[in-house]
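Enquirer: Below you'll find the structure I mean.
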Amino acid sequence: MQDIYILFQVAGVGIIVAIIHTVLKQMGKEDIAHWATLIGFIIVLVIVIDYLSRLFNQIKSVFILQMIL
Amino acid sequence: MGSILQLFVIIMVAAMLVIIVREQNESISFLLVLLLGIFVFLFVLNQVEQLFNLFQSIVSKFDVSLLHLDTMIKVIGVAYLTEFISQLLKDAQLNSVAVKVEIVGKLFILLLALPIFISVLETLMSFIPQ
């Protein structure tokens, strides 16, 4: 239960990326705004993939699924 | 029962965060939903592990001939996993992919349950006189 603050971190990254996107769009740099959105998405994706692999490993050990997954 | 309240509070807070982020950024809100699902699943998995350990200790201690307990546990695991992924895909408005995931899950469950089916068939065949 100590990992719950990751939720707030991800939500914060989402809001900050949206703000950066809006500011860059107002400045007329549409392409850089899209790149900023993509990079924010990748940062969050790295965090989530880590937890997803942890979840799958635990599922494999609890349900005895070593041979089919 | 304190922990289940804790879990519900976490789910409510995460739902509000998802509602806030969804207006700004659709893809990150999907990842937030995925993260919430991972946390809930990990939380429940600890209890389920204790339950299965209890089952296996009962089976080994009292020498009950519960023959296919491992297969049952595997089928339950595949069912949970398939449901998790398919609900996630439905949340992301990918209904057709969710249906495909469910088909794959059903096929895997059929594959896992095939030994039980064969043993049932053998029992039935032994009742039939030659």
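Quick note on naming: the chains in the structure tokens go A, B, ... in the order shown, residues restart at 1 in each chain, and ligands are numbered from 1 in order of appearance.
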Based on only C-alpha atoms, which of the residues in chain B come within 10 Å of chain A? I want them as JSON, numbers by chain.
Expert: {"B": [3, 6, 7, 10, 13, 14, 17, 18, 20, 21, 22, 23, 24, 25, 26, 27, 28, 29, 31, 32, 33, 34, 35, 36, 37, 38, 39, 40, 41, 42, 43, 45, 46, 48, 49, 50, 52, 53, 70, 71, 72, 73, 74, 75, 76, 77, 78, 80, 81, 108, 112]}
Enquirer: Store the residues picked out above, limited to C-alpha atoms, as a compact mmCIF listing (two decimals), in the first residue's frame.
Expert:
# COMPACT_ATOMS: atom_id res chain seq x y z
CA SER B 3 -8.17 -2.69 4.78
CA GLN B 6 -8.76 1.65 2.71
CA LEU B 7 -8.97 0.02 -0.72
CA ILE B 10 -8.01 4.55 -2.79
CA VAL B 13 -9.53 8.97 -5.07
CA ALA B 14 -8.10 7.32 -8.18
CA LEU B 17 -7.97 11.67 -10.56
CA VAL B 18 -8.98 9.77 -13.70
CA ILE B 20 -9.71 15.13 -13.85
CA VAL B 21 -6.95 13.84 -16.14
CA ARG B 22 -9.33 12.46 -18.79
CA GLU B 23 -10.32 15.95 -19.96
CA GLN B 24 -6.69 16.91 -20.43
CA ASN B 25 -5.06 13.79 -21.76
CA GLU B 26 -6.90 10.67 -22.87
CA SER B 27 -3.95 8.26 -23.10
CA ILE B 28 -2.49 9.07 -19.69
CA SER B 29 -5.93 8.61 -18.13
CA LEU B 31 -2.65 4.38 -18.05
CA LEU B 32 -4.05 5.70 -14.76
CA VAL B 33 -6.96 3.27 -14.98
CA LEU B 34 -4.48 0.47 -15.73
CA LEU B 35 -2.40 1.43 -12.69
CA LEU B 36 -5.49 1.44 -10.47
CA GLY B 37 -6.40 -2.03 -11.72
CA ILE B 38 -2.88 -3.25 -11.01
CA PHE B 39 -3.02 -1.94 -7.43
CA VAL B 40 -6.42 -3.47 -6.71
CA PHE B 41 -5.34 -6.79 -8.21
CA LEU B 42 -2.09 -6.84 -6.22
CA PHE B 43 -4.02 -6.05 -3.05
CA LEU B 45 -3.79 -11.29 -4.71
CA ASN B 46 -2.21 -11.37 -1.24
CA VAL B 48 -6.03 -15.08 -2.53
CA GLU B 49 -2.54 -16.49 -1.98
CA GLN B 50 -3.32 -17.18 1.68
CA PHE B 52 -4.88 -21.12 -1.86
CA ASN B 53 -2.17 -22.02 0.65
CA ASP B 70 -3.87 -27.45 -9.38
CA THR B 71 -5.93 -27.37 -12.55
CA MET B 72 -8.75 -25.58 -10.75
CA ILE B 73 -6.37 -22.94 -9.41
CA LYS B 74 -4.90 -22.45 -12.87
CA VAL B 75 -8.35 -22.07 -14.43
CA ILE B 76 -9.32 -19.48 -11.81
CA GLY B 77 -6.08 -17.60 -12.53
CA VAL B 78 -6.65 -17.56 -16.29
CA TYR B 80 -9.19 -13.52 -13.48
CA LEU B 81 -6.45 -12.43 -15.87
CA PHE B 108 -6.89 -21.62 -22.72
CA LEU B 112 -6.35 -26.60 -19.14
Enquirer: Using atom CA of Ser57 of chain B and atom CA of Leu69 of chain B as the two end points, give the distance in Å to one decimal.
Expert: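 These two atoms are separated by 11.5 Å.
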Enquirer: Work out how far apart atom CA of Ile109 of chain B and atom CA of Phe84 of chain B are and give it in Å to one decimal.
Expert: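 A separation of 15.2 Å between them.
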Enquirer: Report, in Å with one decimal, the straight-line distance from atom CA of Thr123 of chain B to atom CA of Lys61 of chain B.
Expert: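 Spanning atom CA of Thr123 of chain B to atom CA of Lys61 of chain B is a straight-line distance of 26.7 Å.
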Enquirer: Report as an MDAnalysis selection string: the residues of chain A with a DSSP assignment of alpha helix (DSSP H), based on the backbone of this structure.
Expert: chainID A and resid 5:26 30:62
Enquirer: Give me the residues within 12 Å of Leu89 of chain B as a PDB file with all heavy atoms, in the first residue's frame, counting only C-alpha atoms and dropping any in the same chain fewer than 3 places off.
Expert:
ATOM      1  N   PHE B  30      -5.937   6.586 -19.492  1.00  0.00           N
ATOM      2  CA  PHE B  30      -6.017   5.123 -19.657  1.00  0.00           C
ATOM      3  C   PHE B  30      -4.948   4.434 -18.832  1.00  0.00           C
ATOM      4  O   PHE B  30      -5.201   3.413 -18.163  1.00  0.00           O
ATOM      5  CB  PHE B  30      -5.870   4.750 -21.136  1.00  0.00           C
ATOM      6  CG  PHE B  30      -5.698   3.276 -21.357  1.00  0.00           C
ATOM      7  CD1 PHE B  30      -6.746   2.404 -21.140  1.00  0.00           C
ATOM      8  CD2 PHE B  30      -4.485   2.762 -21.762  1.00  0.00           C
ATOM      9  CE1 PHE B  30      -6.588   1.054 -21.329  1.00  0.00           C
ATOM     10  CE2 PHE B  30      -4.321   1.403 -21.956  1.00  0.00           C
ATOM     11  CZ  PHE B  30      -5.377   0.558 -21.735  1.00  0.00           C
ATOM     12  N   LEU B  31      -3.722   4.990 -18.845  1.00  0.00           N
ATOM     13  CA  LEU B  31      -2.648   4.380 -18.048  1.00  0.00           C
ATOM     14  C   LEU B  31      -2.957   4.474 -16.560  1.00  0.00           C
ATOM     15  O   LEU B  31      -2.591   3.578 -15.786  1.00  0.00           O
ATOM     16  CB  LEU B  31      -1.318   5.058 -18.357  1.00  0.00           C
ATOM     17  CG  LEU B  31      -0.714   4.697 -19.692  1.00  0.00           C
ATOM     18  CD1 LEU B  31       0.635   5.345 -19.843  1.00  0.00           C
ATOM     19  CD2 LEU B  31      -0.564   3.210 -19.819  1.00  0.00           C
ATOM     20  N   VAL B  33      -6.000   4.343 -15.254  1.00  0.00           N
ATOM     21  CA  VAL B  33      -6.962   3.271 -14.977  1.00  0.00           C
ATOM     22  C   VAL B  33      -6.238   1.933 -14.870  1.00  0.00           C
ATOM     23  O   VAL B  33      -6.525   1.119 -13.980  1.00  0.00           O
ATOM     24  CB  VAL B  33      -8.037   3.228 -16.086  1.00  0.00           C
ATOM     25  CG1 VAL B  33      -8.938   2.028 -15.904  1.00  0.00           C
ATOM     26  CG2 VAL B  33      -8.871   4.477 -16.060  1.00  0.00           C
ATOM     27  N   LEU B  34      -5.256   1.715 -15.767  1.00  0.00           N
ATOM     28  CA  LEU B  34      -4.485   0.473 -15.728  1.00  0.00           C
ATOM     29  C   LEU B  34      -3.741   0.336 -14.408  1.00  0.00           C
ATOM     30  O   LEU B  34      -3.706  -0.731 -13.784  1.00  0.00           O
ATOM     31  CB  LEU B  34      -3.505   0.460 -16.902  1.00  0.00           C
ATOM     32  CG  LEU B  34      -2.476  -0.655 -16.978  1.00  0.00           C
ATOM     33  CD1 LEU B  34      -3.153  -1.983 -17.026  1.00  0.00           C
ATOM     34  CD2 LEU B  34      -1.610  -0.482 -18.193  1.00  0.00           C
ATOM     35  N   GLY B  37      -6.088  -0.600 -11.649  1.00  0.00           N
ATOM     36  CA  GLY B  37      -6.403  -2.027 -11.722  1.00  0.00           C
ATOM     37  C   GLY B  37      -5.284  -2.885 -11.184  1.00  0.00           C
ATOM     38  O   GLY B  37      -5.517  -3.863 -10.474  1.00  0.00           O
ATOM     39  N   THR B  82      -7.955 -12.909 -17.704  1.00  0.00           N
ATOM     40  CA  THR B  82      -8.709 -12.570 -18.916  1.00  0.00           C
ATOM     41  C   THR B  82      -9.734 -11.483 -18.647  1.00  0.00           C
ATOM     42  O   THR B  82      -9.887 -10.538 -19.430  1.00  0.00           O
ATOM     43  CB  THR B  82      -9.411 -13.833 -19.440  1.00  0.00           C
ATOM     44  OG1 THR B  82      -8.481 -14.879 -19.473  1.00  0.00           O
ATOM     45  CG2 THR B  82      -9.973 -13.603 -20.787  1.00  0.00           C
ATOM     46  N   GLU B  83     -10.411 -11.601 -17.504  1.00  0.00           N
ATOM     47  CA  GLU B  83     -11.421 -10.599 -17.155  1.00  0.00           C
ATOM     48  C   GLU B  83     -10.783  -9.228 -16.961  1.00  0.00           C
ATOM     49  O   GLU B  83     -11.306  -8.203 -17.428  1.00  0.00           O
ATOM     50  CB  GLU B  83     -12.128 -11.050 -15.884  1.00  0.00           C
ATOM     51  CG  GLU B  83     -13.357 -10.267 -15.542  1.00  0.00           C
ATOM     52  CD  GLU B  83     -14.486 -10.483 -16.522  1.00  0.00           C
ATOM     53  OE1 GLU B  83     -14.533 -11.551 -17.152  1.00  0.00           O
ATOM     54  OE2 GLU B  83     -15.288  -9.562 -16.675  1.00  0.00           O
ATOM     55  N   PHE B  84      -9.627  -9.221 -16.297  1.00  0.00           N
ATOM     56  CA  PHE B  84      -8.905  -7.968 -16.059  1.00  0.00           C
ATOM     57  C   PHE B  84      -8.567  -7.274 -17.371  1.00  0.00           C
ATOM     58  O   PHE B  84      -8.893  -6.104 -17.591  1.00  0.00           O
ATOM     59  CB  PHE B  84      -7.646  -8.293 -15.260  1.00  0.00           C
ATOM     60  CG  PHE B  84      -6.736  -7.140 -14.977  1.00  0.00           C
ATOM     61  CD1 PHE B  84      -7.129  -6.151 -14.108  1.00  0.00           C
ATOM     62  CD2 PHE B  84      -5.493  -7.067 -15.561  1.00  0.00           C
ATOM     63  CE1 PHE B  84      -6.292  -5.099 -13.828  1.00  0.00           C
ATOM     64  CE2 PHE B  84      -4.649  -6.025 -15.291  1.00  0.00           C
ATOM     65  CZ  PHE B  84      -5.053  -5.038 -14.429  1.00  0.00           C
ATOM     66  N   ILE B  85      -7.937  -8.021 -18.281  1.00  0.00           N
ATOM     67  CA  ILE B  85      -7.508  -7.439 -19.552  1.00  0.00           C
ATOM     68  C   ILE B  85      -8.717  -7.017 -20.378  1.00  0.00           C
ATOM     69  O   ILE B  85      -8.739  -5.931 -20.977  1.00  0.00           O
ATOM     70  CB  ILE B  85      -6.641  -8.447 -20.337  1.00  0.00           C
ATOM     71  CG1 ILE B  85      -5.424  -8.859 -19.532  1.00  0.00           C
ATOM     72  CG2 ILE B  85      -6.199  -7.868 -21.651  1.00  0.00           C
ATOM     73  CD1 ILE B  85      -4.398  -7.807 -19.382  1.00  0.00           C
ATOM     74  N   SER B  86      -9.759  -7.837 -20.391  1.00  0.00           N
ATOM     75  CA  SER B  86     -10.881  -7.513 -21.274  1.00  0.00           C
ATOM     76  C   SER B  86     -11.673  -6.308 -20.760  1.00  0.00           C
ATOM     77  O   SER B  86     -12.122  -5.475 -21.549  1.00  0.00           O
ATOM     78  CB  SER B  86     -11.760  -8.743 -21.449  1.00  0.00           C
ATOM     79  OG  SER B  86     -12.982  -8.581 -20.839  1.00  0.00           O
ATOM     80  N   ALA B  92     -11.206   1.229 -22.650  1.00  0.00           N
ATOM     81  CA  ALA B  92     -10.536   2.022 -23.673  1.00  0.00           C
ATOM     82  C   ALA B  92     -11.282   2.007 -24.995  1.00  0.00           C
ATOM     83  O   ALA B  92     -10.719   2.343 -26.028  1.00  0.00           O
ATOM     84  CB  ALA B  92      -9.116   1.516 -23.872  1.00  0.00           C
ATOM     85  N   GLN B  93     -12.584   1.630 -24.949  1.00  0.00           N
ATOM     86  CA  GLN B  93     -13.444   1.564 -26.143  1.00  0.00           C
ATOM     87  C   GLN B  93     -12.869   0.664 -27.243  1.00  0.00           C
ATOM     88  O   GLN B  93     -12.952   0.967 -28.418  1.00  0.00           O
ATOM     89  CB  GLN B  93     -13.709   2.953 -26.717  1.00  0.00           C
ATOM     90  CG  GLN B  93     -14.846   3.683 -26.024  1.00  0.00           C
ATOM     91  CD  GLN B  93     -14.323   4.714 -25.077  1.00  0.00           C
ATOM     92  OE1 GLN B  93     -13.298   5.302 -25.349  1.00  0.00           O
ATOM     93  NE2 GLN B  93     -14.989   4.930 -23.971  1.00  0.00           N
ATOM     94  N   LEU B  94     -12.251  -0.432 -26.811  1.00  0.00           N
ATOM     95  CA  LEU B  94     -11.737  -1.403 -27.786  1.00  0.00           C
ATOM     96  C   LEU B  94     -12.508  -2.707 -27.627  1.00  0.00           C
ATOM     97  O   LEU B  94     -11.949  -3.747 -27.265  1.00  0.00           O
ATOM     98  CB  LEU B  94     -10.244  -1.637 -27.563  1.00  0.00           C
ATOM     99  CG  LEU B  94      -9.320  -0.496 -27.934  1.00  0.00           C
ATOM    100  CD1 LEU B  94      -7.925  -0.781 -27.462  1.00  0.00           C
ATOM    101  CD2 LEU B  94      -9.322  -0.313 -29.420  1.00  0.00           C
ATOM    102  N   ASN B  95     -13.828  -2.636 -27.888  1.00  0.00           N
ATOM    103  CA  ASN B  95     -14.684  -3.776 -27.575  1.00  0.00           C
ATOM    104  C   ASN B  95     -14.325  -5.020 -28.376  1.00  0.00           C
ATOM    105  O   ASN B  95     -14.378  -6.131 -27.857  1.00  0.00           O
ATOM    106  CB  ASN B  95     -16.142  -3.402 -27.845  1.00  0.00           C
ATOM    107  CG  ASN B  95     -16.678  -2.501 -26.766  1.00  0.00           C
ATOM    108  OD1 ASN B  95     -16.542  -2.810 -25.587  1.00  0.00           O
ATOM    109  ND2 ASN B  95     -17.244  -1.389 -27.152  1.00  0.00           N
ATOM    110  N   SER B  96     -13.941  -4.826 -29.641  1.00  0.00           N
ATOM    111  CA  SER B  96     -13.657  -6.004 -30.465  1.00  0.00           C
ATOM    112  C   SER B  96     -12.411  -6.723 -29.971  1.00  0.00           C
ATOM    113  O   SER B  96     -12.368  -7.960 -29.925  1.00  0.00           O
ATOM    114  CB  SER B  96     -13.483  -5.573 -31.911  1.00  0.00           C
ATOM    115  OG  SER B  96     -12.478  -4.596 -32.005  1.00  0.00           O
ATOM    116  N   VAL B  97     -11.391  -5.940 -29.550  1.00  0.00           N
ATOM    117  CA  VAL B  97     -10.182  -6.575 -29.028  1.00  0.00           C
ATOM    118  C   VAL B  97     -10.492  -7.294 -27.720  1.00  0.00           C
ATOM    119  O   VAL B  97      -9.965  -8.377 -27.444  1.00  0.00           O
ATOM    120  CB  VAL B  97      -9.076  -5.531 -28.827  1.00  0.00           C
ATOM    121  CG1 VAL B  97      -7.772  -6.201 -28.491  1.00  0.00           C
ATOM    122  CG2 VAL B  97      -8.913  -4.697 -30.064  1.00  0.00           C
ATOM    123  N   ALA B  98     -11.404  -6.711 -26.910  1.00  0.00           N
ATOM    124  CA  ALA B  98     -11.784  -7.347 -25.657  1.00  0.00           C
ATOM    125  C   ALA B  98     -12.451  -8.697 -25.914  1.00  0.00           C
ATOM    126  O   ALA B  98     -12.185  -9.672 -25.211  1.00  0.00           O
ATOM    127  CB  ALA B  98     -12.712  -6.436 -24.876  1.00  0.00           C
ATOM    128  N   VAL B  99     -13.289  -8.742 -26.954  1.00  0.00           N
ATOM    129  CA  VAL B  99     -13.941 -10.016 -27.288  1.00  0.00           C
ATOM    130  C   VAL B  99     -12.905 -11.041 -27.717  1.00  0.00           C
ATOM    131  O   VAL B  99     -12.983 -12.220 -27.352  1.00  0.00           O
ATOM    132  CB  VAL B  99     -15.002  -9.785 -28.380  1.00  0.00           C
ATOM    133  CG1 VAL B  99     -15.515 -11.102 -28.907  1.00  0.00           C
ATOM    134  CG2 VAL B  99     -16.156  -8.988 -27.834  1.00  0.00           C
ATOM    135  N   LYS B 100     -11.880 -10.596 -28.464  1.00  0.00           N
ATOM    136  CA  LYS B 100     -10.837 -11.534 -28.877  1.00  0.00           C
ATOM    137  C   LYS B 100     -10.075 -12.067 -27.668  1.00  0.00           C
ATOM    138  O   LYS B 100      -9.764 -13.264 -27.583  1.00  0.00           O
ATOM    139  CB  LYS B 100      -9.889 -10.849 -29.841  1.00  0.00           C
ATOM    140  CG  LYS B 100     -10.494 -10.617 -31.201  1.00  0.00           C
ATOM    141  CD  LYS B 100      -9.546  -9.890 -32.111  1.00  0.00           C
ATOM    142  CE  LYS B 100     -10.220  -9.567 -33.430  1.00  0.00           C
ATOM    143  NZ  LYS B 100     -11.327  -8.586 -33.250  1.00  0.00           N
ATOM    144  N   VAL B 101      -9.785 -11.184 -26.709  1.00  0.00           N
ATOM    145  CA  VAL B 101      -9.091 -11.627 -25.494  1.00  0.00           C
ATOM    146  C   VAL B 101      -9.925 -12.658 -24.748  1.00  0.00           C
ATOM    147  O   VAL B 101      -9.399 -13.664 -24.256  1.00  0.00           O
ATOM    148  CB  VAL B 101      -8.783 -10.414 -24.597  1.00  0.00           C
ATOM    149  CG1 VAL B 101      -8.353 -10.853 -23.215  1.00  0.00           C
ATOM    150  CG2 VAL B 101      -7.711  -9.574 -25.209  1.00  0.00           C
ATOM    151  N   GLU B 102     -11.254 -12.416 -24.702  1.00  0.00           N
ATOM    152  CA  GLU B 102     -12.112 -13.381 -24.012  1.00  0.00           C
ATOM    153  C   GLU B 102     -12.112 -14.731 -24.725  1.00  0.00           C
ATOM    154  O   GLU B 102     -12.118 -15.784 -24.073  1.00  0.00           O
ATOM    155  CB  GLU B 102     -13.538 -12.842 -23.928  1.00  0.00           C
ATOM    156  CG  GLU B 102     -13.688 -11.795 -22.852  1.00  0.00           C
ATOM    157  CD  GLU B 102     -15.075 -11.205 -22.803  1.00  0.00           C
ATOM    158  OE1 GLU B 102     -15.946 -11.701 -23.534  1.00  0.00           O
ATOM    159  OE2 GLU B 102     -15.256 -10.246 -22.051  1.00  0.00           O
TER     160      GLU B 102
END
Enquirer: Which residues are near Leu24 of chain A? Cut-off 7 Å, only C-alpha atoms, ignore same chain within fewer than 5 positions. Put them as a list in words.
Expert: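 Those residues are Lys29, Glu30 and Ala33 of chain A.
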